[in-house]
$ cat entry_15.cif   # mmCIF, C-alpha atoms
data_input
#
loop_
_atom_site.label_atom_id
_atom_site.label_comp_id
_atom_site.auth_asym_id
_atom_site.auth_seq_id
_atom_site.Cartn_x
_atom_site.Cartn_y
_atom_site.Cartn_z
CA MET O 1 -5.55 0.68 -103.74
CA TRP O 2 -4.26 1.22 -100.18
CA LYS O 3 -7.20 -0.79 -98.78
CA GLU O 4 -6.46 -3.70 -101.14
CA PHE O 5 -2.79 -3.64 -100.14
CA LYS O 6 -3.73 -3.54 -96.46
CA ASP O 7 -6.13 -6.47 -96.93
CA PHE O 8 -3.40 -8.41 -98.72
CA ILE O 9 -0.79 -7.78 -96.02
CA LEU O 10 -3.14 -8.53 -93.15
CA ARG O 11 -4.32 -11.78 -94.67
CA GLY O 12 -3.36 -14.65 -92.36
CA ASN O 13 -1.25 -16.56 -94.87
CA VAL O 14 1.05 -13.61 -95.55
CA LEU O 15 1.68 -13.02 -91.86
CA GLU O 16 2.30 -16.71 -91.26
CA LEU O 17 4.75 -16.79 -94.17
CA ALA O 18 6.61 -13.76 -92.80
CA VAL O 19 6.92 -15.40 -89.40
CA ALA O 20 8.08 -18.65 -91.02
CA VAL O 21 10.78 -16.85 -93.00
CA ILE O 22 12.09 -15.07 -89.90
CA VAL O 23 12.10 -18.26 -87.83
CA ALA O 24 13.76 -20.17 -90.68
CA GLY O 25 16.53 -17.56 -90.85
CA ALA O 26 17.17 -17.88 -87.13
CA PHE O 27 17.03 -21.67 -87.38
CA GLY O 28 19.53 -21.55 -90.26
CA ALA O 29 21.96 -19.58 -88.09
CA ILE O 30 21.60 -22.14 -85.31
CA VAL O 31 22.22 -25.03 -87.71
CA THR O 32 25.24 -23.28 -89.22
CA SER O 33 26.72 -22.79 -85.76
CA PHE O 34 25.88 -26.39 -84.84
CA THR O 35 27.63 -27.63 -87.97
CA ASN O 36 30.65 -25.31 -87.84
CA ASP O 37 31.23 -25.44 -84.09
CA LEU O 38 30.07 -28.89 -83.01
CA ILE O 39 29.99 -31.32 -85.94
CA MET O 40 32.85 -30.37 -88.25
CA PRO O 41 35.72 -30.01 -85.71
CA PRO O 42 35.44 -33.60 -84.39
CA LEU O 43 34.82 -34.89 -87.91
CA GLY O 44 37.92 -33.05 -89.13
CA MET O 45 39.90 -34.44 -86.20
CA LEU O 46 38.79 -37.99 -87.04
CA LEU O 47 39.94 -37.42 -90.61
CA GLY O 48 43.43 -36.39 -89.52
CA GLY O 49 43.05 -32.76 -88.46
CA VAL O 50 41.28 -31.58 -91.60
CA ASP O 51 39.55 -28.19 -91.39
CA PHE O 52 36.73 -28.43 -93.91
CA ALA O 53 36.43 -24.66 -94.26
CA GLU O 54 40.01 -24.54 -95.54
CA LEU O 55 39.74 -27.37 -98.07
CA ALA O 56 40.22 -25.90 -101.52
CA PHE O 57 41.75 -26.64 -104.87
CA THR O 58 43.97 -23.71 -105.90
CA LEU O 59 43.75 -22.75 -109.56
CA GLN O 60 46.05 -19.74 -109.24
CA ALA O 61 48.20 -18.87 -106.24
CA ALA O 62 47.93 -15.50 -104.53
CA GLU O 63 50.33 -12.79 -105.69
CA MET O 64 52.39 -11.08 -102.98
CA ASN O 65 54.45 -7.91 -103.08
CA ASP O 66 57.93 -7.51 -101.53
CA ALA O 67 56.40 -6.56 -98.14
CA GLY O 68 54.52 -9.87 -98.00
CA GLU O 69 51.11 -8.28 -98.56
CA VAL O 70 48.58 -9.97 -100.83
CA VAL O 71 48.27 -8.00 -104.07
CA LYS O 72 45.96 -10.43 -105.82
CA ASP O 73 43.91 -13.12 -104.05
CA ALA O 74 44.26 -16.76 -104.96
CA VAL O 75 41.72 -18.32 -107.27
CA GLN O 76 40.35 -21.41 -105.54
CA ILE O 77 37.59 -23.95 -105.78
CA ARG O 78 36.49 -24.15 -102.15
CA TYR O 79 35.01 -27.61 -101.98
CA GLY O 80 35.38 -27.71 -98.18
CA ALA O 81 32.83 -24.92 -97.79
CA PHE O 82 30.56 -26.83 -100.18
CA ILE O 83 30.83 -29.99 -98.05
CA GLN O 84 29.97 -27.90 -95.00
CA LYS O 85 26.86 -26.50 -96.73
CA ILE O 86 25.78 -30.05 -97.63
CA VAL O 87 26.07 -31.07 -93.96
CA ASP O 88 24.05 -27.94 -93.01
CA PHE O 89 21.36 -28.92 -95.50
CA LEU O 90 21.19 -32.50 -94.25
CA ILE O 91 20.82 -31.33 -90.65
CA ILE O 92 18.06 -28.88 -91.59
CA ALA O 93 16.28 -31.50 -93.71
CA PHE O 94 16.46 -34.03 -90.87
CA ALA O 95 15.17 -31.49 -88.34
CA ILE O 96 12.23 -30.59 -90.60
CA PHE O 97 11.53 -34.29 -91.17
CA MET O 98 11.42 -34.90 -87.41
CA LEU O 99 9.22 -31.85 -86.89
CA LEU O 100 6.72 -33.00 -89.54
CA LYS O 101 6.76 -36.52 -88.15
CA ALA O 102 5.95 -35.19 -84.67
CA TYR O 103 3.23 -32.96 -86.12
CA LYS O 104 1.60 -35.89 -87.91
CA ARG O 105 1.51 -37.84 -84.64
CA THR O 106 -0.44 -35.02 -82.98
CA GLN O 107 -3.07 -34.98 -85.69
CA GLN O 108 -6.12 -37.16 -85.25
CA PRO O 109 -6.22 -39.93 -87.80
CA GLU O 110 -8.94 -39.58 -90.36
CA GLU O 111 -11.89 -41.76 -89.56
CA ALA O 112 -12.48 -44.55 -92.01
CA PRO O 113 -15.62 -43.93 -94.01
CA ALA O 114 -18.61 -45.74 -92.57
CA PRO O 115 -19.51 -48.84 -94.52
CA ALA O 116 -22.40 -48.36 -96.88
CA PRO O 117 -25.67 -49.61 -95.41
CA ASP O 118 -27.02 -52.86 -96.74
CA PRO O 119 -29.14 -51.87 -99.72
CA GLY O 120 -31.79 -54.41 -98.72
CA PRO O 121 -34.16 -56.04 -101.13
CA SER O 122 -34.74 -54.43 -104.49
CA ALA O 123 -38.13 -53.10 -105.57
CA GLU O 124 -38.64 -56.19 -107.73
CA ASP O 125 -37.93 -58.46 -104.75
CA LEU O 126 -40.49 -56.58 -102.64
CA LEU O 127 -43.12 -56.72 -105.37
CA THR O 128 -42.51 -60.43 -105.84
CA GLU O 129 -42.87 -60.98 -102.10
CA ILE O 130 -46.13 -58.98 -102.01
CA ARG O 131 -47.47 -60.94 -104.99
CA ASP O 132 -46.63 -64.23 -103.30
CA LEU O 133 -48.32 -63.12 -100.06
CA LEU O 134 -51.44 -62.09 -101.96
CA LYS O 135 -51.51 -65.45 -103.77
CA ASN O 136 -51.31 -67.33 -100.50
CA GLN O 137 -54.36 -65.52 -99.06
#
$ encode --input "entry_15.cif" --output "structure tokens"
Amino acid sequence: MWKEFKDFILRGNVLELAVAVIVAGAFGAIVTSFTNDLIMPPLGMLLGGVDFAELAFTLQAAEMNDAGEVVKDAVQIRYGAFIQKIVDFLIIAFAIFMLLKAYKRTQQPEEAPAPAPDPGPSAEDLLTEIRDLLKNQ
């Protein structure tokens, strides 16, 4: 059983998948930072100083005690965070699209299949030709 497990883990596809998952996680963090720190602030500024992370529809306001401390958090639908995740997804999808497009350019195009050779005369045609030659002699 241990040998089968070892063979499974050391199979190339599993290692490649593990590397892909790790790289994708790191890439996701980069895209999140790119979106949160570079894309959304200017976009929010263009839309009148809107901070997308703070956009929410409050269903129930937060409850505070006399000292001003939050006793019960507000119930909100945070659509701003959702918009931000959509932008993250679009950036990741575009980056993967560009990566695949570049990869396809590096691949050699498949050669067109060679045209089928001319089948030439059929057996009947050859026999007819031989017959005619024999008649002429």
$ closest_residue --input "entry_15.cif" --among "O:Asp7, O:Asp51, O:Glu111, O:Glu69" --to "O:Gln84" --atoms "all atoms listed in the file"
O:Asp51
$ atom_distance --input "entry_15.cif" --atom1 "atom CA of O:Pro42" --atom2 "atom CA of O:Ala93"
21.4 Å
$ resolve_selection --input "entry_15.cif" --expression "the PyMOL selection byres ((chain O and resi 72) around 10)" --output "list in words"
Gln60, Ala61, Ala62, Glu63, Met64, Asn65, Glu69, Val70, Val71, Asp73, Ala74 and Val75 of chain O
$ residues_around --input "entry_15.cif" --residues "O:Phe52" --least-positions-apart "4" --cutoff "9 Å" --atoms "all atoms listed in the file" --output "list in words"
Met40, Pro41, Gly44, Ala56, Tyr79, Gly80, Ala81, Phe82, Ile83 and Gln84 of chain O
$ atom_distance --input "entry_15.cif" --atom1 "atom CA of O:Pro121" --atom2 "atom CA of O:Leu133"
15.9 Å
$ residues_around --input "entry_15.cif" --residues "O:Phe57" --least-positions-apart "6" --cutoff "8 Å" --atoms "only C-alpha atoms" --output "ChimeraX atom specification"
/O:76-79
$ closest_residue --input "entry_15.cif" --among "O:Asn136, O:Lys3, O:Asn36, O:Ile22" --to "O:Val87" --atoms "all atoms listed in the file"
O:Asn36
$ atom_distance --input "entry_15.cif" --atom1 "atom CA of O:Ile91" --atom2 "atom CA of O:Ile30"
10.7 Å
$ resolve_selection --input "entry_15.cif" --expression "the PyMOL selection byres ((chain O and resi 32) around 10)" --output "compact mmCIF listing (two decimals) with C-alpha atoms, keeping the file's coordinate frame"
# COMPACT_ATOMS: atom_id res chain seq x y z
CA ALA O 26 17.17 -17.88 -87.13
CA PHE O 27 17.03 -21.67 -87.38
CA GLY O 28 19.53 -21.55 -90.26
CA ALA O 29 21.96 -19.58 -88.09
CA ILE O 30 21.60 -22.14 -85.31
CA VAL O 31 22.22 -25.03 -87.71
CA SER O 33 26.72 -22.79 -85.76
CA PHE O 34 25.88 -26.39 -84.84
CA THR O 35 27.63 -27.63 -87.97
CA ASN O 36 30.65 -25.31 -87.84
CA ASP O 37 31.23 -25.44 -84.09
CA LEU O 38 30.07 -28.89 -83.01
CA ILE O 39 29.99 -31.32 -85.94
CA GLN O 84 29.97 -27.90 -95.00
CA LYS O 85 26.86 -26.50 -96.73
CA VAL O 87 26.07 -31.07 -93.96
CA ASP O 88 24.05 -27.94 -93.01
CA PHE O 89 21.36 -28.92 -95.50
CA ILE O 91 20.82 -31.33 -90.65
CA ILE O 92 18.06 -28.88 -91.59
